Amino acid sequence: MKTRKLLLIYAGLLMLLAIGATVAIQFPQWAMLALVCAAGQAILLLFGLAELGTHTPLVRFFAFGAGFWLVLMFTLSIADLLTRG
Amino acid sequence: MDVREQYLAEPYQTAAQQREATFLGMWVFLATEIMMFGGLFLVIYYYRLQHPVGVGEAVHHLHSILAAFNSALLLTGSLCMSLMVQASRLGDYRRVQRLLLLTAFFGLAFLAVKGFEYGWEYREGLLPGMGPESPLKEPAARLFMNIYLFATGLHAVHVTLGVTIILGMVVRIHFAHMKLPERAITLEMVGLYWHLIDVIWIVLYPSLYLVGRAV
């Protein structure tokens, strides 16, 4: 990957960090936006710096398997809490 | 032929096969790390939903700007790591060593800031132990600080491991035990580990410090 592209990704990561932190500290009612920024940062880092997109489908399958585990665990646990009022 | 393909370990017949197996093995390991931290994230969010008032009180006492500075340190370390991987593919030993040392420096700076933050929190009575009386009135807030300490402590252990591995790589390159660019894949694996540590912190930061602050 070219240095220029890496620097752009880095700038994007810092920008998302600044937006998330500023919004959460200045406007606490919008603090959930910090989580959206964090998700954006994680995607940018995994696909930009860690180059996950360039790996073979099998490698990506295992990487996404971990993400699937998180979704399953959170859905099963939080759904119970949220649906029982 | 790409010079990186000249290094072929015992069970593999082609460089592509070796590369895929290496990445697959590393991602399986990283997946287990994600699963471990995933359990911790679940605890954090379940607890937040159960005790919003107590968590709000605890979050209000945390040093979110200091932690944001720490996030920037880790992100800069990740950039250095990616630049190092790029240099290792070109076989530029000096640049690889410099960037590895720079990444280790950012990792150590992160740990130093974290240590300072722990000291500050301990003196304020926020952390468990025999320190001064806690300013936290809600028992749920005090328990949230335990979760905070465990989550950030476990992450700090990973950063320490990452720095140790990086310094080990610098020593191996210095004593010519790692030929580049043939063994660039080893450094790519170290890079992946470092990026994962960074991703975990990226999610830990808003989960512990930002969400749930009192309006």
# chains A, B, ... in the order shown; residues from 1 in each chain; ligands from 1
>>> interface_residues(of="chain B", to="chain A", cutoff="8 Å", atoms="only C-alpha atoms", output="number ranges by chain")
B: 20, 23-24, 27-28, 30-32, 34-35, 38, 42, 46, 64-65, 68, 71-72, 75-76, 78-79, 82-83, 86, 191-192, 195, 199, 202-203, 206-207, 210-215
>>> write_last_selection(atoms="N, CA and C atoms", output="compact mmCIF listing (two decimals), in the first residue's frame")
# COMPACT_ATOMS: atom_id res chain seq x y z
N GLU B 20 -1.07 -18.27 2.86
CA GLU B 20 -2.47 -18.41 3.27
C GLU B 20 -2.57 -19.10 4.63
N PHE B 23 -1.58 -16.65 7.42
CA PHE B 23 -2.65 -15.66 7.71
C PHE B 23 -3.83 -16.33 8.39
N LEU B 24 -4.16 -17.54 7.92
CA LEU B 24 -5.30 -18.24 8.51
C LEU B 24 -5.04 -18.53 9.98
N TRP B 27 -5.27 -15.31 12.00
CA TRP B 27 -6.64 -14.81 12.18
C TRP B 27 -7.45 -15.69 13.13
N VAL B 28 -7.14 -17.00 13.15
CA VAL B 28 -7.82 -17.87 14.12
C VAL B 28 -7.43 -17.44 15.53
N LEU B 30 -6.36 -14.42 16.40
CA LEU B 30 -6.96 -13.10 16.66
C LEU B 30 -8.45 -13.25 16.96
N ALA B 31 -9.09 -14.23 16.30
CA ALA B 31 -10.52 -14.46 16.57
C ALA B 31 -10.73 -14.87 18.02
N THR B 32 -9.81 -15.68 18.57
CA THR B 32 -9.95 -16.08 19.98
C THR B 32 -9.78 -14.86 20.89
N ILE B 34 -10.60 -11.78 20.03
CA ILE B 34 -11.84 -11.00 19.88
C ILE B 34 -12.95 -11.63 20.74
N MET B 35 -12.99 -12.97 20.76
CA MET B 35 -14.00 -13.66 21.57
C MET B 35 -13.81 -13.35 23.05
N GLY B 38 -14.70 -9.82 23.60
CA GLY B 38 -16.13 -9.72 23.32
C GLY B 38 -16.95 -9.98 24.58
N LEU B 42 -19.48 -7.41 26.45
CA LEU B 42 -20.86 -7.76 26.80
C LEU B 42 -21.14 -7.41 28.26
N TYR B 46 -24.01 -4.84 29.28
CA TYR B 46 -25.11 -5.39 30.08
C TYR B 46 -25.21 -4.61 31.40
N SER B 64 -11.40 11.39 30.41
CA SER B 64 -11.65 11.04 29.00
C SER B 64 -10.69 11.72 28.02
N ILE B 65 -10.21 12.92 28.36
CA ILE B 65 -9.29 13.62 27.43
C ILE B 65 -7.92 12.94 27.44
N ALA B 68 -8.25 9.97 25.37
CA ALA B 68 -8.28 10.31 23.94
C ALA B 68 -6.85 10.50 23.43
N SER B 71 -5.46 7.20 22.89
CA SER B 71 -5.96 6.60 21.64
C SER B 71 -5.11 7.08 20.47
N ALA B 72 -4.80 8.39 20.47
CA ALA B 72 -3.99 8.96 19.38
C ALA B 72 -2.61 8.32 19.36
N LEU B 75 -2.98 4.90 17.74
CA LEU B 75 -3.24 5.02 16.30
C LEU B 75 -1.95 5.38 15.56
N THR B 76 -1.13 6.24 16.17
CA THR B 76 0.14 6.60 15.55
C THR B 76 1.06 5.37 15.49
N SER B 78 0.04 2.35 15.17
CA SER B 78 -0.48 1.50 14.09
C SER B 78 0.00 1.99 12.72
N LEU B 79 0.05 3.32 12.54
CA LEU B 79 0.56 3.87 11.28
C LEU B 79 2.02 3.46 11.09
N SER B 82 2.23 -0.13 10.00
CA SER B 82 1.91 -0.34 8.58
C SER B 82 3.07 0.12 7.69
N LEU B 83 3.70 1.23 8.06
CA LEU B 83 4.86 1.71 7.29
C LEU B 83 6.01 0.71 7.40
N GLN B 86 5.37 -2.22 5.10
CA GLN B 86 5.69 -1.76 3.74
C GLN B 86 7.21 -1.81 3.50
N GLY B 191 2.43 -7.11 12.90
CA GLY B 191 1.61 -5.95 12.55
C GLY B 191 0.13 -6.22 12.79
N LEU B 192 -0.33 -7.41 12.40
CA LEU B 192 -1.75 -7.76 12.60
C LEU B 192 -2.10 -7.76 14.08
N HIS B 195 -2.37 -4.21 15.28
CA HIS B 195 -3.61 -3.57 14.81
C HIS B 195 -4.81 -4.04 15.63
N VAL B 199 -7.55 -1.92 17.64
CA VAL B 199 -9.01 -2.00 17.42
C VAL B 199 -9.73 -2.20 18.76
N ILE B 202 -9.85 1.05 20.49
CA ILE B 202 -10.77 1.96 19.79
C ILE B 202 -12.21 1.75 20.31
N VAL B 203 -12.58 0.49 20.56
CA VAL B 203 -13.94 0.20 21.05
C VAL B 203 -14.03 0.39 22.57
N PRO B 206 -14.69 4.54 23.86
CA PRO B 206 -16.04 5.09 24.07
C PRO B 206 -16.88 4.25 25.03
N SER B 207 -16.66 2.92 25.04
CA SER B 207 -17.48 2.06 25.90
C SER B 207 -17.27 2.37 27.37
N LEU B 210 -16.79 7.38 27.38
CA LEU B 210 -17.62 8.41 26.75
C LEU B 210 -19.13 8.21 26.91
N VAL B 211 -19.59 7.00 26.62
CA VAL B 211 -21.05 6.76 26.64
C VAL B 211 -21.55 6.78 28.09
N GLY B 212 -22.67 7.46 28.30
CA GLY B 212 -23.30 7.45 29.62
C GLY B 212 -22.91 8.61 30.51
N ARG B 213 -22.19 9.60 29.95
CA ARG B 213 -21.83 10.78 30.76
C ARG B 213 -23.10 11.57 31.09
N ALA B 214 -23.12 12.14 32.28
CA ALA B 214 -24.31 12.90 32.69
C ALA B 214 -24.46 14.14 31.81
N VAL B 215 -25.70 14.44 31.39
CA VAL B 215 -25.96 15.61 30.53
C VAL B 215 -25.85 16.88 31.36
>>> residues_around(residues="region 96-109 of chain B", least_positions_apart="4", cutoff="8 Å", atoms="only C-alpha atoms", output="PDB file with C-alpha atoms, in the first residue's frame")
ATOM      1  CA  LEU B  73      -0.734   7.383  20.624  1.00  0.00           C
ATOM      2  CA  LEU B  74      -1.939   3.881  19.720  1.00  0.00           C
ATOM      3  CA  THR B  76       0.144   6.600  15.546  1.00  0.00           C
ATOM      4  CA  GLY B  77       1.789   3.317  16.556  1.00  0.00           C
ATOM      5  CA  SER B  78      -0.479   1.501  14.086  1.00  0.00           C
ATOM      6  CA  CYS B  80       4.245   3.211  12.086  1.00  0.00           C
ATOM      7  CA  MET B  81       3.505  -0.530  12.050  1.00  0.00           C
ATOM      8  CA  LEU B  83       4.858   1.713   7.286  1.00  0.00           C
ATOM      9  CA  MET B  84       7.178  -0.920   8.795  1.00  0.00           C
ATOM     10  CA  VAL B  85       5.358  -3.756   6.964  1.00  0.00           C
ATOM     11  CA  ALA B  87       9.455  -1.312   4.335  1.00  0.00           C
ATOM     12  CA  SER B  88       9.924  -4.988   5.258  1.00  0.00           C
ATOM     13  CA  ASP B  92      14.845  -1.961   3.934  1.00  0.00           C
ATOM     14  CA  VAL B 113       0.085   7.528  30.348  1.00  0.00           C
ATOM     15  CA  VAL B 159       0.136  -3.809  24.754  1.00  0.00           C
ATOM     16  CA  THR B 160       3.046  -4.948  26.964  1.00  0.00           C
ATOM     17  CA  VAL B 163       5.954  -4.105  22.769  1.00  0.00           C
ATOM     18  CA  ILE B 166       8.361  -5.769  18.674  1.00  0.00           C
ATOM     19  CA  LEU B 167      11.592  -5.300  20.641  1.00  0.00           C
ATOM     20  CA  VAL B 170      14.382  -5.485  16.512  1.00  0.00           C
ATOM     21  CA  ILE B 173      17.008  -8.148  12.848  1.00  0.00           C
TER      22      ILE B 173
END
>>> select_by_dssp(residues="region 7-62 of chain A", states="alpha helix (DSSP H)", output="PyMOL selection string")
chain A and resi 7-26+32-44+57-62
>>> atom_distance(atom1="CA of His61 (chain B)", atom2="CA of Gly153 (chain B)")
17.9 Å
